[in-house]
file input_10.csv (CSV, C-alpha atoms and all ligand atoms)
chain,number,residue,atom,x,y,z
A,23,ILE,CA,16.1,8.7,36.9
A,24,LEU,CA,16.2,10.6,33.7
A,25,VAL,CA,14.6,7.7,31.8
A,26,SER,CA,11.8,7.3,34.3
A,27,PHE,CA,11.2,11.0,34.3
A,28,LEU,CA,10.9,10.9,30.5
A,29,ILE,CA,8.5,8.0,30.6
A,30,SER,CA,6.3,9.8,33.1
A,31,VAL,CA,6.3,12.9,30.9
A,32,ILE,CA,5.2,10.9,27.9
A,33,PHE,CA,2.6,9.1,29.9
A,34,LEU,CA,1.1,12.3,31.2
A,35,TYR,CA,1.1,13.8,27.7
A,36,LYS,CA,-0.8,10.8,26.4
A,37,LEU,CA,-3.2,10.9,29.3
A,38,SER,CA,-4.0,14.6,28.7
A,39,PHE,CA,-4.6,13.8,25.0
A,40,ILE,CA,-7.0,11.0,25.8
A,41,SER,CA,-8.9,13.1,28.3
A,42,ASN,CA,-9.0,16.1,25.9
A,43,ARG,CA,-10.7,13.8,23.4
A,44,ASN,CA,-13.5,13.1,25.8
A,45,THR,CA,-14.2,16.5,27.3
A,46,GLY,CA,-11.5,19.1,27.1
A,47,GLN,CA,-10.1,21.1,24.3
A,48,CYS,CA,-10.0,20.4,20.6
A,49,VAL,CA,-7.1,18.3,19.4
A,50,GLY,CA,-7.1,18.6,15.6
A,51,ARG,CA,-6.9,15.5,13.5
A,52,LEU,CA,-9.1,12.6,14.6
A,53,ASP,CA,-9.5,8.9,13.8
A,54,THR,CA,-13.1,7.8,13.2
A,55,ASP,CA,-14.5,5.5,15.8
A,56,LYS,CA,-16.3,3.0,13.7
A,57,ASN,CA,-17.4,0.7,16.5
A,58,LEU,CA,-21.0,-0.3,16.1
A,59,ILE,CA,-22.9,0.0,19.4
A,60,SER,CA,-26.6,-0.1,20.0
A,61,LEU,CA,-28.7,3.0,20.2
A,62,LYS,CA,-29.3,2.2,23.8
A,63,GLN,CA,-25.6,1.9,24.6
A,64,LEU,CA,-25.1,5.2,22.8
A,65,GLY,CA,-27.7,6.8,24.9
A,66,LEU,CA,-26.1,5.5,28.1
A,67,LYS,CA,-22.6,6.7,27.0
A,68,PHE,CA,-23.7,10.3,26.4
A,69,GLN,CA,-26.9,10.9,28.3
A,70,HIS,CA,-25.0,12.8,31.1
A,71,LEU,CA,-24.1,15.5,28.5
A,72,PHE,CA,-27.8,16.1,27.5
A,73,ASN,CA,-30.6,18.0,29.1
A,74,HIS,CA,-34.0,17.6,27.3
A,75,GLY,CA,-32.2,16.8,24.0
A,76,ARG,CA,-29.8,19.7,24.4
A,77,LEU,CA,-26.1,19.3,24.5
A,78,GLN,CA,-24.7,22.4,26.2
A,79,PRO,CA,-21.3,23.6,27.4
A,80,ARG,CA,-20.9,23.4,31.2
A,81,ASP,CA,-18.9,26.6,32.0
A,82,CYS,CA,-20.2,29.2,29.5
A,83,GLN,CA,-23.1,30.2,27.4
A,84,ALA,CA,-22.5,29.5,23.7
A,85,LEU,CA,-23.0,32.4,21.3
A,86,GLN,CA,-25.1,30.3,18.9
A,87,ARG,CA,-27.7,27.7,19.5
A,88,LEU,CA,-27.3,25.0,16.8
A,89,ALA,CA,-29.8,22.6,15.2
A,90,ILE,CA,-28.3,19.7,13.4
A,91,ILE,CA,-30.7,18.4,10.8
A,92,ILE,CA,-30.1,14.9,9.5
A,93,PRO,CA,-32.2,13.7,6.5
A,94,PHE,CA,-32.7,10.0,7.1
A,95,ARG,CA,-34.1,6.7,6.1
A,96,LYS,CA,-32.9,3.2,7.2
A,97,ARG,CA,-29.3,4.1,7.9
A,98,TRP,CA,-29.2,3.3,11.6
A,99,SER,CA,-25.6,2.0,11.6
A,100,HIS,CA,-24.5,5.3,10.0
A,101,LEU,CA,-26.5,7.4,12.5
A,102,ILE,CA,-24.8,5.6,15.4
A,103,VAL,CA,-21.3,6.0,14.0
A,104,LEU,CA,-22.0,9.7,13.3
A,105,LEU,CA,-23.4,10.5,16.7
A,106,ASN,CA,-20.7,8.5,18.5
A,107,ASN,CA,-18.1,10.7,16.8
A,108,LEU,CA,-20.0,14.0,16.6
A,109,ILE,CA,-21.2,14.3,20.1
A,110,PRO,CA,-17.7,14.3,21.8
A,111,LEU,CA,-16.4,16.6,19.0
A,112,LEU,CA,-19.2,19.1,19.5
A,113,SER,CA,-18.8,18.9,23.2
A,114,ARG,CA,-15.1,19.9,22.8
A,115,GLN,CA,-16.2,22.7,20.6
A,116,GLN,CA,-18.5,24.0,23.4
A,117,ALA,CA,-21.5,23.8,21.2
A,118,ASP,CA,-25.0,24.3,22.3
A,119,VAL,CA,-26.8,21.8,20.0
A,120,HIS,CA,-30.0,19.8,19.4
A,121,PHE,CA,-30.0,16.9,16.9
A,122,PHE,CA,-33.1,16.4,14.7
A,123,VAL,CA,-33.2,13.2,12.7
A,124,VAL,CA,-35.8,13.7,9.9
A,125,GLU,CA,-36.9,10.4,8.7
A,126,GLN,CA,-39.0,9.9,5.6
A,127,SER,CA,-41.6,7.2,6.0
A,128,SER,CA,-41.1,4.4,3.5
A,129,ARG,CA,-43.9,5.1,1.1
A,130,SER,CA,-42.5,7.8,-1.2
A,131,THR,CA,-39.2,8.4,-3.1
A,132,PHE,CA,-36.5,10.0,-0.9
A,133,ASN,CA,-36.6,13.8,-1.0
A,134,ARG,CA,-33.6,15.2,0.9
A,135,GLY,CA,-34.4,18.9,0.2
A,136,ALA,CA,-38.0,18.6,1.5
A,137,LEU,CA,-36.7,16.7,4.7
A,138,GLN,CA,-34.3,19.6,5.4
A,139,ASN,CA,-37.2,22.1,5.1
A,140,VAL,CA,-39.3,20.0,7.5
A,141,GLY,CA,-36.4,19.8,10.0
A,142,PHE,CA,-36.0,23.6,9.9
A,143,LEU,CA,-39.7,24.4,10.4
A,144,GLU,CA,-40.2,21.7,13.1
A,145,ALA,CA,-37.1,22.7,15.1
A,146,LEU,CA,-38.3,26.3,15.2
A,147,GLN,CA,-41.6,25.0,16.6
A,148,LEU,CA,-39.7,23.4,19.4
A,149,GLY,CA,-37.0,26.0,20.3
A,150,GLN,CA,-35.1,29.1,19.2
A,151,PHE,CA,-32.1,28.3,17.0
A,152,ASP,CA,-29.5,30.6,15.5
A,153,CYS,CA,-27.8,28.2,13.2
A,154,PHE,CA,-28.9,25.2,11.1
A,155,ILE,CA,-26.4,22.6,10.1
A,156,PHE,CA,-27.8,20.1,7.5
A,157,HIS,CA,-25.8,16.9,7.8
A,158,ASP,CA,-25.6,13.8,5.7
A,159,VAL,CA,-25.9,10.8,8.0
A,160,ASP,CA,-22.8,9.1,6.6
A,161,LEU,CA,-20.2,11.9,6.9
A,162,VAL,CA,-17.8,11.9,9.8
A,163,PRO,CA,-15.6,15.0,10.4
A,164,LEU,CA,-11.9,14.2,10.7
A,165,ASN,CA,-10.8,17.4,12.5
A,166,ASP,CA,-12.4,18.9,15.6
A,167,LYS,CA,-11.1,22.4,14.6
A,168,ASN,CA,-13.8,22.3,11.9
A,169,LEU,CA,-15.9,24.6,14.0
A,170,TYR,CA,-19.6,23.9,13.7
A,171,ARG,CA,-21.0,27.5,13.7
A,172,CYS,CA,-22.7,29.7,11.2
A,173,GLY,CA,-21.2,32.9,9.7
A,174,ASP,CA,-22.1,35.9,7.5
A,175,ASN,CA,-22.4,33.6,4.6
A,176,PRO,CA,-23.7,30.0,4.2
A,177,ARG,CA,-20.9,27.6,5.0
A,178,HIS,CA,-19.9,24.4,3.2
A,179,PHE,CA,-18.2,22.2,5.8
A,180,SER,CA,-17.6,18.9,4.0
A,181,VAL,CA,-15.1,20.2,1.5
A,182,ALA,CA,-12.6,17.3,1.3
A,183,LEU,CA,-14.0,13.7,1.3
A,184,ASN,CA,-12.1,10.4,1.4
A,185,LYS,CA,-14.3,9.4,-1.6
A,186,TYR,CA,-12.8,12.2,-3.7
A,187,SER,CA,-9.2,11.9,-2.5
A,188,TYR,CA,-9.8,14.7,0.0
A,189,SER,CA,-10.1,17.4,-2.7
A,190,LEU,CA,-13.0,19.7,-3.6
A,191,LEU,CA,-15.2,18.0,-6.3
A,192,TYR,CA,-16.0,21.2,-8.2
A,193,PRO,CA,-16.0,24.9,-7.2
A,194,GLY,CA,-19.8,25.1,-6.8
A,195,TYR,CA,-20.1,21.9,-4.8
A,196,PHE,CA,-22.4,22.4,-1.9
A,197,GLY,CA,-23.4,18.9,-0.8
A,198,GLY,CA,-22.9,16.9,2.3
A,199,VAL,CA,-22.7,19.1,5.4
A,200,VAL,CA,-23.7,22.8,5.1
A,201,GLY,CA,-24.6,25.5,7.7
A,202,LEU,CA,-26.9,28.4,7.3
A,203,SER,CA,-28.1,30.9,9.9
A,204,THR,CA,-31.8,30.9,10.6
A,205,GLN,CA,-32.1,34.2,8.7
A,206,GLN,CA,-30.1,33.0,5.7
A,207,TYR,CA,-32.2,29.8,5.3
A,208,ARG,CA,-35.4,31.9,5.5
A,209,ASP,CA,-34.0,34.5,3.0
A,210,ILE,CA,-33.5,31.8,0.4
A,211,ASN,CA,-36.8,30.1,1.1
A,212,GLY,CA,-35.0,26.9,2.2
A,213,ASN,CA,-34.5,24.0,-0.2
A,214,SER,CA,-36.6,23.2,-3.2
A,215,ASN,CA,-39.1,20.4,-2.5
A,216,LEU,CA,-39.1,19.2,-6.1
A,217,TYR,CA,-36.0,17.1,-6.2
A,218,VAL,CA,-37.4,13.6,-5.8
A,219,GLY,CA,-34.7,10.9,-5.7
A,220,TRP,CA,-30.9,11.3,-5.8
A,221,GLY,CA,-29.1,14.5,-7.0
A,222,GLY,CA,-29.4,18.1,-7.9
A,223,GLU,CA,-31.0,19.5,-4.7
A,224,ASP,CA,-27.6,20.6,-3.4
A,225,ASP,CA,-26.8,22.5,-6.7
A,226,ASP,CA,-30.2,24.1,-6.5
A,227,LEU,CA,-29.5,25.3,-3.0
A,228,LEU,CA,-26.4,27.0,-4.2
A,229,GLU,CA,-28.3,28.7,-7.0
A,230,ARG,CA,-30.8,30.0,-4.4
A,231,LEU,CA,-28.1,31.4,-2.1
A,232,LEU,CA,-26.2,33.1,-5.0
A,233,ASN,CA,-29.5,34.5,-6.2
A,234,LYS,CA,-29.9,36.3,-2.8
A,235,GLY,CA,-26.4,37.8,-2.9
A,236,TYR,CA,-24.7,35.2,-0.6
A,237,TYR,CA,-21.6,33.2,-1.5
A,238,ILE,CA,-20.1,30.0,-0.1
A,239,SER,CA,-17.8,30.2,2.8
A,240,ARG,CA,-15.3,27.4,3.5
A,241,TYR,CA,-12.7,26.7,6.1
A,242,ALA,CA,-9.2,25.5,5.1
A,243,THR,CA,-9.1,22.1,3.4
A,244,ASP,CA,-7.2,20.6,6.3
A,245,LEU,CA,-10.0,21.3,8.7
A,246,SER,CA,-12.7,20.3,6.3
A,247,LYS,CA,-11.9,16.6,5.8
A,248,TYR,CA,-14.6,14.0,6.2
A,249,ASP,CA,-14.9,10.3,5.8
A,250,MET,CA,-18.0,9.0,4.0
A,251,ILE,CA,-19.0,5.6,5.4
A,252,GLN,CA,-19.3,3.3,2.5
A,253,HIS,CA,-22.7,2.6,1.1
A,254,GLY,CA,-24.6,1.7,-2.0
A,255,MET,CA,-27.6,3.5,-3.6
A,256,GLU,CA,-31.1,2.7,-2.2
A,257,GLU,CA,-34.0,1.6,-4.4
A,258,GLY,CA,-36.0,4.5,-2.9
A,259,ASN,CA,-33.5,7.1,-3.9
A,260,LYS,CA,-32.6,6.5,-7.5
A,261,PRO,CA,-31.0,9.3,-9.6
A,262,ASN,CA,-33.6,11.8,-10.5
A,263,PRO,CA,-33.7,12.0,-14.4
A,264,PHE,CA,-35.2,15.5,-14.2
A,265,ARG,CA,-32.5,17.0,-12.0
A,266,LEU,CA,-30.6,19.0,-14.7
A,267,MET,CA,-33.8,20.3,-16.2
A,268,LEU,CA,-35.1,21.4,-12.8
A,269,LEU,CA,-31.8,23.1,-12.1
A,270,GLU,CA,-32.3,25.4,-15.1
A,271,THR,CA,-35.3,27.0,-13.4
A,272,ALA,CA,-33.9,27.1,-9.9
A,273,ARG,CA,-33.9,30.9,-9.6
A,274,VAL,CA,-37.4,31.5,-11.1
A,275,ARG,CA,-38.9,28.9,-8.8
A,276,GLN,CA,-37.2,30.1,-5.6
A,277,GLU,CA,-40.0,32.2,-4.2
A,278,VAL,CA,-42.8,29.7,-4.8
A,279,ASP,CA,-41.0,26.4,-4.1
A,280,GLY,CA,-39.5,25.9,-0.6
A,281,LEU,CA,-40.3,26.7,3.0
A,282,THR,CA,-43.4,28.6,1.8
A,283,SER,CA,-44.9,25.7,-0.1
A,284,ILE,CA,-44.0,22.5,1.7
A,285,GLN,CA,-46.8,20.1,2.8
A,286,TYR,CA,-46.3,17.1,5.0
A,287,ASN,CA,-47.6,15.1,8.0
A,288,LYS,CA,-45.3,14.4,10.9
A,289,THR,CA,-44.9,12.5,14.1
A,290,ILE,CA,-42.4,13.7,16.7
A,291,THR,CA,-40.6,11.4,19.2
A,292,ASP,CA,-38.2,12.8,21.8
A,293,LEU,CA,-35.3,10.5,22.4
A,294,ILE,CA,-32.4,11.1,24.8
A,295,LEU,CA,-29.8,12.2,22.2
A,296,PHE,CA,-32.1,13.5,19.4
A,297,THR,CA,-35.6,14.3,18.3
A,298,LEU,CA,-36.9,11.9,15.7
A,299,ILE,CA,-39.3,13.5,13.2
A,300,THR,CA,-41.0,11.0,11.0
A,301,VAL,CA,-42.4,12.6,7.9
A,302,ASP,CA,-44.9,11.7,5.2
A,303,ILE,CA,-44.0,13.8,2.2
A,304,ASP,CA,-46.3,14.2,-0.7
A,305,ASN,CA,-43.9,14.3,-3.7
A,306,GLU,CA,-46.8,15.1,-6.1
A,307,GLN,CA,-47.5,18.6,-4.6
B,1,LIG,C1,-24.4,13.2,-2.2
B,1,LIG,C2,-24.3,14.4,-1.4
B,1,LIG,C3,-25.6,14.6,-0.6
B,1,LIG,C4,-26.7,14.8,-1.6
B,1,LIG,C5,-26.8,13.6,-2.5
B,1,LIG,C6,-27.7,13.8,-3.7
B,1,LIG,C7,-22.0,14.3,-0.7
B,1,LIG,C8,-21.0,14.0,0.4
B,1,LIG,N1,-23.2,14.1,-0.4
B,1,LIG,O1,-24.6,12.1,-1.4
B,1,LIG,O2,-25.5,15.8,0.2
B,1,LIG,O3,-26.6,16.0,-2.3
B,1,LIG,O4,-25.5,13.3,-3.1
B,1,LIG,O5,-29.1,13.7,-3.3
B,1,LIG,O6,-21.6,14.8,-1.7
B,1,LIG,N2,-30.4,9.2,3.0
B,1,LIG,C9,-30.9,8.2,3.9
B,1,LIG,N3,-31.5,7.1,3.4
B,1,LIG,C10,-31.6,6.8,2.1
B,1,LIG,C11,-31.1,7.8,1.2
B,1,LIG,C12,-30.5,8.9,1.6
B,1,LIG,O7,-30.7,8.4,5.1
B,1,LIG,O8,-32.2,5.8,1.7
B,1,LIG,C13,-29.8,10.4,3.4
B,1,LIG,C14,-28.5,10.3,4.2
B,1,LIG,O9,-28.4,11.3,5.2
B,1,LIG,C15,-27.5,10.4,3.1
B,1,LIG,C16,-28.1,11.5,2.3
B,1,LIG,O10,-29.5,11.3,2.3
B,1,LIG,O11,-26.2,10.7,3.7
B,1,LIG,C17,-27.6,11.6,0.9
B,1,LIG,O12,-27.8,10.3,0.2
B,1,LIG,P1,-26.6,9.3,-0.2
B,1,LIG,O13,-25.6,9.3,0.9
B,1,LIG,O14,-27.2,8.1,-0.7
B,1,LIG,O15,-26.0,10.1,-1.5
B,1,LIG,P2,-24.5,10.5,-1.8
B,1,LIG,O16,-23.5,9.9,-0.9
B,1,LIG,O17,-24.3,10.4,-3.3
B,2,MN,MN,-23.5,9.3,1.1
call {"tool": "encode", "arguments": {"input": "input_10.csv", "output": "structure tokens"}}
result
Amino acid sequence: ILVSFLISVIFLYKLSFISNRNTGQCVGRLDTDKNLISLKQLGLKFQHLFNHGRLQPRDCQALQRLAIIIPFRKRWSHLIVLLNNLIPLLSRQQADVHFFVVEQSSRSTFNRGALQNVGFLEALQLGQFDCFIFHDVDLVPLNDKNLYRCGDNPRHFSVALNKYSYSLLYPGYFGGVVGLSTQQYRDINGNSNLYVGWGGEDDDLLERLLNKGYYISRYATDLSKYDMIQHGMEEGNKPNPFRLMLLETARVRQEVDGLTSIQYNKTITDLILFTLITVDIDNEQ
């Protein structure tokens, strides 16, 4: 009797863990689900949680409405893995969230900073958002107590990456996944639009926020672990040779280079789980 009692207790405990992972409370440390399913299957799996592109808690009203901005080009398998892991996590965190995938059309060199500015401006055309989380498509959070919300200072979420043995790369590292309130992002005039190709735009963003009297806020390392899905470097996103030179003038450019100066053409498509914003960016502006 004792043995069968113990077995049932263990079984019930496991069951509650599994059901928590799908809907209920946060559970802490997670394993990444790396299964590749189609975009259609992903839609079928999660569509019941969405209403007009908005994932909302069932039993309460969230304090912050979040926009997750994903700069993107030709990384569909990463996007699927990210959403497959992030949607249940955010649902457990009772988040009120809308995903915006900001895709740069293939003509020009990749410009992550400019795409983030477009995501911010276009999201605010479509709804009211309190908090913007700018999210690399290839970073999967490993702990659901890493709470996706904005605070009094800009927050760096992706502190500890598998790629860097789960330790902070350097104290001023502000790449990967960061969150700024709508007010904070406006105050700093968003990202620079001048970083064409790989690198430097994240360090520039840090200069901009420090220049406006903010500092970086981070959660404990244990909560801030991420796995970066393995990838190479794209032809259209080669390291920018001017990035260090640009960085020297970050603060003097801040008022004239950013949200206030960006020029682009866009096409918007509403899908079940996210809004796709396809953007033509003129890197010569
Ligand atoms: C690092 C930073 C990233 C950014 C970049 C320099 C981390 C974890 N990430 O990323 O935040 O500062 O350096 O620009 O430190 N992307 C596409 N398609 C492309 C190219 C880029 O979708 O063809 C997007 C995608 O969201 C990707 C992000 O841009 O995650 C950053 O590009 P990356 O992953 O190639 O660069 P990585 O890992 O060095
Ligand atoms: Mn990456």
call {"tool": "residues_around", "arguments": {"input": "input_10.csv", "residues": "Arg134 of chain A", "least_positions_apart": "2", "cutoff": "6 Å", "atoms": "only C-alpha atoms", "output": "list of chain:residue names"}}
result
A:Pro93, A:Ala136, A:Leu137
call {"tool": "residues_around", "arguments": {"input": "input_10.csv", "residues": "Gly198 of chain A", "least_positions_apart": "5", "cutoff": "7 Å", "atoms": "all atoms listed in the file", "output": "list of chain:residue names"}}
result
A:His157, A:Asp158, A:Ser180
call {"tool": "atom_distance", "arguments": {"input": "input_10.csv", "atom1": "atom CA of Leu190 of chain A", "atom2": "atom CA of Leu88 of chain A"}}
result
25.5 Å
call {"tool": "residues_around", "arguments": {"input": "input_10.csv", "residues": "Trp220 of chain A", "least_positions_apart": "5", "cutoff": "10 Å", "atoms": "only C-alpha atoms", "output": "list of chain:residue names"}}
result
A:Thr131, A:Phe132, A:Asn133, A:Arg134, A:Met255, A:Glu256, A:Gly258, A:Asn259, A:Lys260, A:Pro261, A:Asn262, A:Pro263, A:Arg265
call {"tool": "residues_near_point", "arguments": {"input": "input_10.csv", "point": "(-19.6, 20.3, -9.8)", "cutoff": "12 Å", "atoms": "only C-alpha atoms", "output": "ChimeraX atom specification"}}
result
/A:190-197,221-222,224-226,228
call {"tool": "residues_near_ligand", "arguments": {"input": "input_10.csv", "ligand": "ligand MN 2 (chain B)", "cutoff": "10 Å", "atoms": "all atoms listed in the file", "output": "list in words"}}
result
His100, Asp158, Val159, Asp160, Leu161, Lys185, Gly197, Gly198, Asp249, Met250, Ile251, Gln252, His253, Gly254 and Met255 of chain A
call {"tool": "closest_residue", "arguments": {"input": "input_10.csv", "among": "A:Glu306, A:Glu277, A:Asp152, A:Asp244", "to": "Gly212 of chain A", "atoms": "all atoms listed in the file"}}
result
A:Glu277
call {"tool": "atom_distance", "arguments": {"input": "input_10.csv", "atom1": "atom CA of His120 of chain A", "atom2": "atom CA of Ile294 of chain A"}}
result
10.5 Å
call {"tool": "closest_residue", "arguments": {"input": "input_10.csv", "among": "A:Ala242, A:Ala89, A:Leu227, A:Leu148", "to": "Ala117 of chain A", "atoms": "all atoms listed in the file"}}
result
A:Ala89
call {"tool": "atom_distance", "arguments": {"input": "input_10.csv", "atom1": "atom CA of Pro79 of chain A", "atom2": "atom CA of Tyr170 of chain A"}}
result
13.8 Å
call {"tool": "closest_residue", "arguments": {"input": "input_10.csv", "among": "A:Leu58, A:Cys48, A:Cys153, A:Ile29", "to": "Ala84 of chain A", "atoms": "all atoms listed in the file"}}
result
A:Cys153
